[in-house]
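S.K.: I'm passing along model19.tsv; it holds TSV, C-alpha atoms.
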```
chain	number	residue	atom	x	y	z
A	146	MET	CA	8.94	-31.39	1.20
A	147	GLU	CA	12.64	-31.32	2.09
A	148	ALA	CA	13.36	-29.02	-0.84
A	149	PHE	CA	10.78	-26.55	0.48
A	150	TYR	CA	12.36	-26.63	3.94
A	151	ARG	CA	15.81	-25.95	2.50
A	152	THR	CA	14.50	-23.02	0.47
A	153	HIS	CA	12.65	-21.69	3.51
A	154	GLN	CA	15.78	-21.86	5.68
A	155	TYR	CA	17.92	-20.09	3.10
A	156	LEU	CA	15.40	-17.29	2.49
A	157	VAL	CA	14.75	-16.68	6.19
A	158	GLU	CA	18.46	-16.63	7.02
A	159	HIS	CA	19.19	-14.14	4.25
A	160	VAL	CA	16.15	-11.88	4.45
A	161	SER	CA	17.12	-8.25	4.79
A	162	SER	CA	15.36	-6.50	7.68
A	163	PRO	CA	16.15	-2.80	7.22
A	164	VAL	CA	13.07	-1.64	9.10
A	165	LYS	CA	10.39	-3.36	11.14
A	166	ARG	CA	7.07	-2.53	9.54
A	167	LEU	CA	4.50	-1.11	11.94
A	168	LEU	CA	1.93	-3.55	10.59
A	169	MET	CA	3.82	-6.41	12.27
A	170	ASN	CA	2.55	-5.22	15.66
A	171	GLU	CA	-0.94	-4.31	14.45
A	172	ILE	CA	-1.87	-7.78	13.20
A	173	ASP	CA	-3.71	-10.15	15.51
A	174	TRP	CA	-1.57	-13.21	14.80
A	175	SER	CA	-3.97	-15.48	16.68
A	176	HIS	CA	-6.26	-15.55	13.62
A	177	ARG	CA	-5.96	-18.82	11.76
A	178	LEU	CA	-6.30	-17.24	8.30
A	179	ILE	CA	-4.63	-13.89	7.63
A	180	GLY	CA	-4.40	-12.11	4.28
A	181	ILE	CA	-1.68	-9.49	3.72
A	182	LYS	CA	-2.66	-7.30	0.78
A	183	GLY	CA	-0.33	-4.80	-0.81
A	184	SER	CA	0.55	-3.34	-4.17
A	185	ARG	CA	3.40	-4.81	-6.17
A	186	GLY	CA	6.77	-3.66	-4.88
A	187	VAL	CA	5.88	-2.69	-1.29
A	188	GLY	CA	7.65	-5.69	0.27
A	189	LYS	CA	5.06	-8.41	0.94
A	190	THR	CA	7.56	-11.26	0.47
A	191	THR	CA	10.08	-9.63	2.80
A	192	PHE	CA	7.29	-9.06	5.33
A	193	LEU	CA	6.39	-12.77	5.40
A	194	LEU	CA	10.03	-13.80	5.74
A	195	GLN	CA	10.64	-11.25	8.50
A	196	TYR	CA	7.68	-12.70	10.38
A	197	ALA	CA	9.14	-16.22	10.05
A	198	LYS	CA	12.54	-15.01	11.21
A	199	GLU	CA	11.25	-13.08	14.23
A	200	ARG	CA	8.67	-15.57	15.45
A	201	PHE	CA	10.24	-18.93	14.54
A	202	GLY	CA	13.79	-18.63	13.25
A	203	ALA	CA	15.15	-20.30	10.14
A	204	THR	CA	15.24	-23.92	11.34
A	205	ASP	CA	11.89	-24.30	13.10
A	206	ARG	CA	9.97	-26.79	10.96
A	207	SER	CA	6.62	-25.83	12.40
A	208	CYS	CA	6.71	-22.80	10.07
A	209	LEU	CA	7.19	-22.97	6.29
A	210	TYR	CA	7.26	-20.33	3.55
A	211	ILE	CA	6.21	-21.35	0.04
A	212	ASN	CA	5.79	-19.42	-3.19
A	213	PHE	CA	3.15	-20.35	-5.76
A	214	ASN	CA	5.63	-19.57	-8.52
A	215	ASN	CA	7.01	-23.04	-7.76
A	216	PHE	CA	6.18	-25.48	-10.57
A	217	TYR	CA	5.29	-28.07	-7.94
A	218	PHE	CA	1.85	-26.49	-7.75
A	219	THR	CA	1.14	-27.14	-11.40
A	220	ALA	CA	0.67	-30.82	-10.54
A	221	HIS	CA	-0.19	-30.75	-6.81
A	222	THR	CA	-2.88	-28.96	-4.86
A	223	LEU	CA	-2.47	-26.64	-1.92
A	224	VAL	CA	-4.73	-28.88	0.16
A	225	GLU	CA	-2.59	-32.00	-0.31
A	226	PHE	CA	0.58	-30.01	0.40
A	227	ALA	CA	-0.95	-28.50	3.56
A	228	GLU	CA	-2.10	-31.96	4.70
A	229	GLN	CA	1.40	-33.40	4.36
A	230	PHE	CA	2.90	-30.40	6.15
A	231	TYR	CA	0.28	-30.67	8.93
A	232	ARG	CA	0.88	-34.40	9.46
A	233	GLN	CA	4.61	-33.70	9.90
A	234	GLY	CA	3.90	-31.23	12.68
A	235	GLY	CA	3.66	-28.04	10.65
A	236	ARG	CA	1.44	-25.39	12.17
A	237	THR	CA	2.19	-22.10	10.35
A	238	LEU	CA	2.12	-21.90	6.57
A	239	LEU	CA	3.21	-18.70	4.81
A	240	LEU	CA	1.93	-18.49	1.23
A	241	ASP	CA	3.29	-16.00	-1.29
A	242	GLN	CA	2.00	-15.01	-4.75
A	243	THR	CA	-1.36	-16.54	-3.84
A	244	PHE	CA	-3.20	-15.04	-6.81
A	245	LYS	CA	-1.12	-17.24	-9.15
A	246	TYR	CA	-2.82	-20.35	-7.76
A	247	GLU	CA	-6.08	-20.93	-9.59
A	248	ASN	CA	-8.29	-22.22	-6.78
A	249	TRP	CA	-6.68	-20.22	-3.98
A	250	SER	CA	-9.92	-19.09	-2.37
A	251	LYS	CA	-11.71	-22.45	-2.20
A	252	GLU	CA	-8.62	-24.36	-1.11
A	253	LEU	CA	-7.70	-21.87	1.59
A	254	ARG	CA	-11.19	-22.39	3.01
A	255	GLU	CA	-10.79	-26.17	2.81
A	256	CYS	CA	-7.47	-25.98	4.65
A	257	TYR	CA	-9.08	-23.76	7.29
A	258	ASP	CA	-11.90	-26.27	7.84
A	259	ARG	CA	-9.84	-29.48	7.70
A	260	PHE	CA	-6.77	-28.54	9.76
A	261	PRO	CA	-7.93	-26.85	12.97
A	262	GLU	CA	-4.45	-26.13	14.38
A	263	LEU	CA	-3.00	-24.77	11.13
A	264	HIS	CA	-2.37	-21.03	10.83
A	265	ILE	CA	-2.10	-19.67	7.29
A	266	VAL	CA	-0.73	-16.25	6.40
A	267	PHE	CA	-0.89	-15.42	2.70
A	268	SER	CA	0.06	-12.44	0.58
A	269	GLY	CA	-2.18	-11.08	-2.12
A	270	SER	CA	-2.60	-8.29	-4.60
A	271	THR	CA	-4.69	-5.27	-3.62
A	272	VAL	CA	-6.91	-6.14	-6.58
A	273	MET	CA	-7.96	-9.43	-4.96
A	274	ARG	CA	-11.23	-9.56	-3.07
A	275	LEU	CA	-10.65	-11.27	0.29
A	276	ILE	CA	-13.86	-10.27	2.07
A	277	GLU	CA	-16.01	-8.31	-0.35
A	278	ASP	CA	-17.67	-10.66	-2.90
A	279	ASN	CA	-15.76	-13.66	-1.54
A	280	GLU	CA	-18.17	-16.29	-0.26
A	281	ASP	CA	-15.37	-18.73	0.56
A	282	LEU	CA	-13.39	-16.53	2.93
A	283	LYS	CA	-15.37	-13.50	4.04
A	284	ASP	CA	-16.40	-15.01	7.39
A	285	VAL	CA	-13.00	-16.50	8.33
A	286	VAL	CA	-10.22	-14.30	6.94
A	287	ALA	CA	-8.60	-11.33	8.67
A	288	SER	CA	-7.35	-8.90	6.01
A	289	TYR	CA	-4.57	-6.32	6.47
A	290	ASN	CA	-2.94	-3.79	4.14
A	291	LEU	CA	0.82	-3.41	3.78
A	292	ARG	CA	1.71	0.02	2.44
A	293	GLY	CA	4.91	1.47	1.09
A	294	PHE	CA	7.38	3.16	3.40
A	295	SER	CA	6.21	6.22	5.29
A	296	PHE	CA	8.48	9.26	5.58
A	297	ARG	CA	9.14	8.17	9.18
A	298	GLU	CA	10.39	4.77	7.99
A	299	PHE	CA	12.44	6.37	5.22
A	300	ILE	CA	14.22	8.59	7.77
A	301	TYR	CA	15.01	5.49	9.84
A	302	LEU	CA	16.54	3.80	6.78
A	303	GLN	CA	18.67	6.87	6.05
A	304	THR	CA	19.73	7.81	9.58
A	305	GLY	CA	19.07	4.89	11.94
A	306	LYS	CA	16.81	7.18	14.01
A	307	ASN	CA	13.73	5.17	14.95
A	308	PHE	CA	11.06	7.73	15.76
A	309	PRO	CA	7.62	6.56	16.89
A	310	ALA	CA	4.53	6.85	14.72
A	311	TYR	CA	1.94	9.36	15.93
A	312	THR	CA	-1.82	9.45	15.63
A	313	LEU	CA	-3.41	12.30	13.73
A	314	GLU	CA	-4.90	13.62	16.97
A	315	GLU	CA	-1.45	13.63	18.61
A	316	ILE	CA	0.03	15.57	15.72
A	317	ILE	CA	-2.80	18.11	15.61
A	318	SER	CA	-2.74	18.80	19.33
A	319	ASN	CA	1.01	18.57	19.94
A	320	HIS	CA	2.77	19.09	16.61
A	321	GLU	CA	5.09	21.87	17.80
A	322	LYS	CA	6.65	19.73	20.53
A	323	ILE	CA	6.83	16.63	18.29
A	324	ALA	CA	8.46	18.53	15.43
A	325	ARG	CA	11.04	20.15	17.72
A	326	GLU	CA	11.94	16.79	19.21
A	327	ILE	CA	12.44	15.25	15.76
A	328	CYS	CA	14.32	18.27	14.41
A	329	SER	CA	16.69	18.19	17.38
A	330	GLN	CA	17.97	14.86	16.03
A	331	VAL	CA	17.55	15.10	12.23
A	332	HIS	CA	16.76	17.76	9.65
A	333	PRO	CA	13.66	16.48	7.79
A	334	PHE	CA	14.27	18.68	4.75
A	335	ASP	CA	17.55	16.83	4.15
A	336	TYR	CA	15.48	13.75	3.29
A	337	PHE	CA	11.99	14.90	2.33
A	338	GLN	CA	12.57	15.51	-1.39
A	339	ASP	CA	14.40	12.20	-1.72
A	340	TYR	CA	11.43	10.47	-0.12
A	341	LEU	CA	8.99	12.14	-2.50
A	342	HIS	CA	11.11	11.00	-5.43
A	343	HIS	CA	12.02	7.42	-4.48
A	344	GLY	CA	11.30	6.62	-0.84
A	345	TYR	CA	7.91	4.87	-0.94
A	346	TYR	CA	8.96	1.54	-2.47
A	347	PRO	CA	11.53	-0.65	-0.68
A	348	PHE	CA	13.43	-1.48	-3.86
A	349	PHE	CA	15.15	1.91	-3.77
A	350	LEU	CA	17.52	0.04	-1.41
A	351	GLU	CA	18.59	-2.25	-4.26
A	352	GLN	CA	21.57	-1.57	-6.48
A	353	ARG	CA	19.42	-0.96	-9.53
A	354	ASN	CA	18.07	2.04	-11.40
A	355	PHE	CA	15.07	3.02	-9.26
A	356	SER	CA	13.05	4.82	-11.94
A	357	GLU	CA	13.47	2.02	-14.47
A	358	ASN	CA	12.54	-0.55	-11.83
A	359	LEU	CA	9.44	1.42	-10.84
A	360	VAL	CA	8.26	1.69	-14.46
A	361	LYS	CA	8.67	-2.09	-14.80
A	362	THR	CA	6.70	-2.56	-11.59
A	363	MET	CA	3.92	-0.30	-12.85
A	364	ASN	CA	3.66	-2.33	-16.04
A	365	MET	CA	3.51	-5.54	-14.00
A	366	MET	CA	0.65	-4.03	-12.00
A	367	LEU	CA	-1.22	-3.49	-15.26
A	368	GLU	CA	-0.35	-6.82	-16.87
A	369	VAL	CA	-0.73	-9.08	-13.84
A	370	ASP	CA	-2.63	-7.33	-11.06
A	371	ILE	CA	-5.27	-5.99	-13.43
A	372	LEU	CA	-5.36	-8.03	-16.63
A	373	LEU	CA	-4.66	-11.45	-15.10
A	374	ILE	CA	-6.65	-11.15	-11.91
A	375	LYS	CA	-9.57	-9.30	-13.51
A	376	GLN	CA	-9.40	-11.61	-16.55
A	377	ILE	CA	-9.17	-8.82	-19.10
A	378	GLU	CA	-7.94	-9.67	-22.59
A	379	LEU	CA	-4.40	-8.62	-23.43
A	380	LYS	CA	-5.58	-6.57	-26.42
A	381	TYR	CA	-7.04	-4.00	-23.99
A	382	LEU	CA	-3.73	-3.40	-22.21
A	383	SER	CA	-2.79	-0.47	-24.47
A	384	LYS	CA	-6.06	1.27	-23.65
A	385	ILE	CA	-5.53	0.90	-19.91
A	386	ARG	CA	-1.93	2.13	-20.18
A	387	LYS	CA	-3.02	5.18	-22.16
A	388	LEU	CA	-5.81	5.91	-19.67
A	389	LEU	CA	-3.36	5.68	-16.77
A	390	TYR	CA	-0.95	8.05	-18.48
A	391	LEU	CA	-3.67	10.62	-19.25
A	392	LEU	CA	-4.96	10.51	-15.68
A	393	MET	CA	-1.52	10.69	-14.08
A	394	THR	CA	-0.27	13.58	-16.20
A	395	SER	CA	-3.39	15.64	-15.44
A	396	ALA	CA	-3.73	14.73	-11.75
A	397	PRO	CA	-4.94	15.95	-9.41
A	398	ALA	CA	-7.98	16.87	-11.46
A	399	ALA	CA	-11.64	16.13	-12.01
A	400	PRO	CA	-11.87	13.43	-14.70
A	401	ASN	CA	-13.66	14.25	-17.94
A	402	VAL	CA	-15.07	10.78	-18.56
A	403	SER	CA	-16.69	11.71	-21.87
A	404	GLN	CA	-13.39	13.02	-23.26
A	405	LEU	CA	-11.48	10.03	-21.89
A	406	SER	CA	-14.02	7.76	-23.55
A	407	LYS	CA	-13.24	9.40	-26.89
A	408	ASP	CA	-9.48	9.35	-26.33
A	409	ILE	CA	-9.42	5.69	-25.35
A	410	GLU	CA	-12.15	4.70	-27.82
A	411	THR	CA	-14.27	2.80	-25.34
A	412	SER	CA	-17.49	3.34	-23.40
A	413	ARG	CA	-17.92	5.58	-20.36
A	414	ALA	CA	-18.83	2.54	-18.25
A	415	THR	CA	-15.60	0.79	-19.28
A	416	ILE	CA	-13.58	3.91	-18.45
A	417	MET	CA	-15.08	3.96	-14.96
A	418	ASN	CA	-14.33	0.26	-14.47
A	419	TYR	CA	-10.73	0.77	-15.57
A	420	ILE	CA	-10.36	3.71	-13.18
A	421	LYS	CA	-11.59	1.51	-10.34
A	422	TYR	CA	-9.10	-1.23	-11.27
A	423	LEU	CA	-6.28	1.32	-11.31
A	424	GLN	CA	-7.34	2.45	-7.85
A	425	ASP	CA	-7.45	-1.16	-6.61
A	426	ALA	CA	-3.92	-1.69	-7.94
A	427	ARG	CA	-2.84	1.41	-5.96
A	428	LEU	CA	-1.80	3.38	-8.96
A	429	LEU	CA	-4.48	6.03	-8.38
A	430	ASN	CA	-6.39	7.50	-5.46
A	431	LEU	CA	-9.99	8.60	-6.00
A	432	LEU	CA	-11.42	11.51	-4.02
A	433	TYR	CA	-15.17	11.67	-3.41
A	434	THR	CA	-17.44	13.95	-1.46
A	435	GLU	CA	-18.82	12.40	1.71
A	436	GLY	CA	-21.45	9.73	0.99
A	437	GLU	CA	-20.41	9.13	-2.62
A	438	VAL	CA	-18.48	6.08	-3.83
A	439	PHE	CA	-17.84	4.12	-7.02
A	440	PRO	CA	-19.54	3.76	-9.52
A	441	LYS	CA	-20.15	7.51	-9.24
A	442	LYS	CA	-17.52	9.66	-10.93
A	443	PRO	CA	-14.88	10.84	-8.43
A	444	ASN	CA	-14.51	14.56	-7.78
A	445	ARG	CA	-10.73	14.35	-8.14
A	446	ILE	CA	-8.23	11.74	-9.22
A	447	TYR	CA	-4.79	11.69	-7.59
A	448	VAL	CA	-1.71	9.63	-8.34
A	449	HIS	CA	-1.40	7.09	-5.53
A	450	ASN	CA	2.02	8.28	-4.33
A	451	THR	CA	4.61	10.83	-5.38
A	452	ASN	CA	7.18	8.25	-6.57
A	453	LEU	CA	4.77	7.32	-9.36
A	454	MET	CA	4.51	10.96	-10.41
A	455	TYR	CA	8.25	11.07	-11.12
A	456	ALA	CA	8.12	7.75	-12.96
A	457	VAL	CA	5.55	9.14	-15.41
A	458	SER	CA	6.90	12.73	-15.59
A	459	PRO	CA	10.68	12.44	-15.04
A	460	GLY	CA	11.22	15.91	-16.50
A	461	GLY	CA	9.49	17.63	-13.62
A	462	VAL	CA	6.54	17.47	-11.23
A	463	ASP	CA	4.31	20.34	-10.15
A	464	LYS	CA	5.19	21.02	-6.51
A	465	GLY	CA	1.66	21.86	-5.44
A	466	ALA	CA	0.32	18.63	-6.93
A	467	GLU	CA	3.24	16.71	-5.43
A	468	HIS	CA	2.61	17.99	-1.92
A	469	ARG	CA	-1.15	17.39	-2.05
A	470	THR	CA	-0.49	13.86	-3.35
A	471	PHE	CA	1.86	13.22	-0.44
A	472	LEU	CA	-0.71	14.56	2.03
A	473	TYR	CA	-3.55	12.45	0.60
A	474	ASN	CA	-1.42	9.29	0.64
A	475	ALA	CA	-0.23	9.91	4.21
A	476	LEU	CA	-3.71	10.61	5.58
A	477	HIS	CA	-5.39	7.84	3.60
A	478	ALA	CA	-3.29	5.18	5.33
A	479	LYS	CA	-5.30	5.43	8.55
A	480	HIS	CA	-8.21	7.75	7.84
A	481	LYS	CA	-11.17	8.36	5.58
A	482	VAL	CA	-10.36	11.15	3.13
A	483	ASN	CA	-13.08	13.03	1.29
A	484	MET	CA	-13.53	16.10	-0.87
A	485	CYS	CA	-14.09	19.16	1.26
A	486	ARG	CA	-16.90	21.62	0.63
A	487	HIS	CA	-15.18	24.51	2.43
A	488	HIS	CA	-12.48	25.52	-0.08
A	489	THR	CA	-9.88	23.25	1.48
A	490	ASP	CA	-8.21	20.19	-0.01
A	491	PHE	CA	-9.41	17.33	2.18
A	492	CYS	CA	-11.99	16.49	4.83
A	493	ILE	CA	-10.67	13.83	7.21
A	494	ASP	CA	-13.05	11.50	9.06
A	495	GLN	CA	-15.87	14.01	8.43
A	496	TYR	CA	-14.26	16.29	11.00
A	497	TYR	CA	-10.87	17.82	10.19
A	498	HIS	CA	-10.37	20.18	7.24
A	499	PHE	CA	-6.90	20.23	5.70
A	500	LYS	CA	-5.39	22.64	3.23
A	501	CYS	CA	-1.95	22.01	1.76
A	502	GLU	CA	0.02	25.11	0.81
A	503	GLN	CA	2.99	27.30	1.52
A	504	LYS	CA	2.83	29.38	4.70
A	505	PRO	CA	-0.68	30.91	4.59
A	506	GLN	CA	-1.16	34.62	4.27
A	507	TYR	CA	-2.73	35.96	7.45
A	508	ALA	CA	-5.43	37.69	5.45
A	509	LYS	CA	-6.64	34.19	4.52
A	510	TYR	CA	-6.06	32.68	7.95
A	511	ASN	CA	-8.97	30.44	8.99
A	512	PRO	CA	-8.82	29.02	12.54
A	513	LYS	CA	-11.15	26.18	11.53
A	514	VAL	CA	-8.71	24.91	8.92
A	515	LEU	CA	-5.56	22.86	9.48
A	516	TYR	CA	-2.76	24.03	7.20
A	517	ALA	CA	-0.21	21.44	6.05
A	518	VAL	CA	2.62	23.86	5.29
A	519	ASP	CA	5.38	22.71	2.98
A	520	ASP	CA	8.24	25.08	3.84
A	521	ILE	CA	8.50	25.00	7.63
A	522	GLU	CA	10.25	22.57	9.97
A	523	VAL	CA	8.25	23.55	13.06
A	524	GLY	CA	4.72	24.92	12.92
A	525	THR	CA	2.52	26.95	15.22
A	526	LYS	CA	-1.15	26.76	16.19
A	527	ASN	CA	-2.98	25.23	13.22
A	528	GLU	CA	0.01	25.41	10.86
A	529	ILE	CA	1.46	21.88	10.77
A	530	PRO	CA	4.65	21.02	8.87
A	531	LEU	CA	3.72	18.96	5.83
A	532	TRP	CA	6.58	16.52	6.41
A	533	LEU	CA	5.28	15.66	9.89
A	534	LEU	CA	2.17	14.06	8.37
A	535	GLY	CA	4.57	11.41	7.12
A	536	PHE	CA	4.84	10.13	10.70
A	537	LEU	CA	1.28	8.71	10.87
A	538	TYR	CA	2.52	5.12	10.38
```
Transcribe the structure of this file into structure tokens.

M.R.:
Amino acid sequence: MEAFYRTHQYLVEHVSSPVKRLLMNEIDWSHRLIGIKGSRGVGKTTFLLQYAKERFGATDRSCLYINFNNFYFTAHTLVEFAEQFYRQGGRTLLLDQTFKYENWSKELRECYDRFPELHIVFSGSTVMRLIEDNEDLKDVVASYNLRGFSFREFIYLQTGKNFPAYTLEEIISNHEKIAREICSQVHPFDYFQDYLHHGYYPFFLEQRNFSENLVKTMNMMLEVDILLIKQIELKYLSKIRKLLYLLMTSAPAAPNVSQLSKDIETSRATIMNYIKYLQDARLLNLLYTEGEVFPKKPNRIYVHNTNLMYAVSPGGVDKGAEHRTFLYNALHAKHKVNMCRHHTDFCIDQYYHFKCEQKPQYAKYNPKVLYAVDDIEVGTKNEIPLWLLGFLY
């Protein structure tokens, strides 16, 4: 146990805290079992350590961070470790890499039932089912999603300017004033293209080649978050990688499942399952019309975020596709995004209709449509600067 405390103290003391994630204030920390889901690379480990640092400090023994990569857990169970920690006065246990522990779901439930004053916060892959299809945890766990950096957070990292996040309703009704206030302090276009290229994942802050690191992360998503967690045989990895490449290089587009089935040499049903796994791993976003969900074929498939587009197509990315991908990702963080039937790109919460484009021609001007315009710093009426939608979280 002492070795775990020493590791905990070192990690908490040395955790980098470049930006306080908005999720920290959105979580109800009074829940006794909290799951933090996020795709590989978005900073789940740092998030747990930041929580320990802010709420407890490095030397408070009532809180302990552990990682299931530790070989200790090849011969000891989580329950016996939690019992020892609890008996010594421990009350908050932070668990990282939970999916690597075989019986994580059942033993988390046992800890919840046996130790009534113990709070457990654990990180998990987006592919894991914490509520849906999880009989052990669905009635006791509170699940939250940690996303990559927003454009607002990226600007803070680059400039030190900590602007607030805005709701979609605030932006729609007051975007001119908000944009002017932001632009009086920074010039968003000085940072927007950098964000689209490398600003979503926190490891752009590291002194390593970002693109190479992102490609490695993508392969880990396939090999671990999909194959390991979904228990798919390794021999199918090449098929999933090829499918991902074909979908990413054609996105955003309507998938031709029959053609993909021929290209990958597998069944249509398997193609659809793979597409769903790639969505769960946050490599893709699927766009449906209202009322339709998987296993129906999506109307459009998007790359999950623009950084991934550059990782797959380093020679160049279509700007229209890039900007629509950014818009989908930004809106999807807090809202339901569907295919729109009115010749626009997205329908938001069954109410707002968004179209992403350059400054609209007035001959096409539609007062019922919200235009996310990519080449303006400050908008007017229903023309909203595209970059400002990056301030939703």

S.K.: Residues within 12 Å of (-13.4, -17.8, 3.6), file coordinates, counting only C-alpha atoms: what are they? Give the list as an MDAnalysis selection string.

M.R.: chainID A and resid 177:180 249:258 274:288

S.K.: Can you measure atom CA of A:Ser161 to atom CA of A:Phe201 for me? One decimal in Å is fine.

M.R.: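 So the answer is 16.0 Å.
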
S.K.: Figure out the distance between atom CA of A:Asn418 and atom CA of A:Thr434, please, to one decimal in Å.

M.R.: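 One can read the atom CA of A:Thr434 to atom CA of A:Asn418 distance as 19.1 Å.
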
S.K.: Using only C-alpha atoms, which of the listed residues (A:Leu373, A:Ala414, A:Leu238, A:Met365) sits closest to A:Phe226?

M.R.: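 Checking each candidate against A:Phe226, we get A:Leu238 as the closest.
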
S.K.: So, with all atoms listed in the file as the atoms that count, which of A:Thr304, A:Gln376, A:Asn450, A:Asn319 lies closest to A:Tyr345?

M.R.: A:Asn450

S.K.: Pick from A:Leu534, A:Leu388, A:Val224, A:Val514: nearest to A:Asp490, with all atoms listed in the file counted?

M.R.: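 Using all atoms listed in the file, the shortest distance to A:Asp490 belongs to A:Val514.
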
S.K.: Out of A:His468, A:His477, A:Lys198, A:His320, which residue has the shortest atom-to-atom distance to A:Pro530 when counting all atoms listed in the file?

M.R.: A:His320

S.K.: Counting only C-alpha atoms, which of A:Arg427, A:His488, A:Arg445, A:His342 gets nearest to A:Lys464?

M.R.: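 For A:Lys464, the nearest of the given residues is A:His342.
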
S.K.: Could you please determine the separation between atom CA of A:Glu437 and atom CA of A:Tyr311 in Å, to one decimal place?

M.R.: 29.0 Å

S.K.: I'd like the neighbourhood of A:Leu239 as a PyMOL selection string, where a residue qualifies if any of its atoms comes within 6 Å (using all atoms listed in the file), though same-chain residues fewer than 6 positions away should be ignored.

M.R.: chain A and resi 210+265-267

S.K.: Could you give me, as JSON, numbers by chain, the residues that have an atom at most 10 Å away from the point (10.8, -12.6, 8.3) in the coordinates of the file, using all atoms listed in the file?

M.R.: {"A": [156, 157, 158, 159, 160, 161, 162, 165, 190, 191, 192, 193, 194, 195, 196, 197, 198, 199, 200, 201, 202, 203, 210]}

S.K.: Write out as a list in words the residues lying within 10 Å of A:Leu167, counting all atoms listed in the file and excluding same-chain residues fewer than 6 positions away.

M.R.: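 Everything that qualifies: Leu291, Arg292, Phe294, Glu298, Pro309, Ala310 and Tyr538 of chain A.
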
S.K.: Tell me which protein, DNA and RNA residues are within 10 Å of A:Leu302, counting all atoms listed in the file, leaving out same-chain ones fewer than 6 positions away, and put them as a list in words.

M.R.: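 The contact residues come out as Pro163, Val164, Phe294, Phe296, Gly344 and Leu350 of chain A.
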
S.K.: Skipping near chain neighbours, those fewer than 6 positions away, what residues fall within 12 Å of A:Lys407 using all atoms listed in the file, listed as a VMD selection string?

M.R.: chain A and resid 384 388 401 413 415 to 416

S.K.: Env of stretch 351-362 of chain A: 7 Å cut, atoms = all atoms listed in the file, seq-sep filter 4 positions within chain, self excluded. Answer as a list in words.

M.R.: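 Near stretch 351-362 of chain A, the qualifying residues are Arg185, Gly186, Met366 and Ala456 of chain A.
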
S.K.: Considering all atoms listed in the file, state which residue in the set A:Ala324, A:Ala220, A:Leu240, A:Val457 is at the smallest distance from A:His153.

M.R.: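 Using all atoms listed in the file, the shortest distance to A:His153 belongs to A:Leu240.
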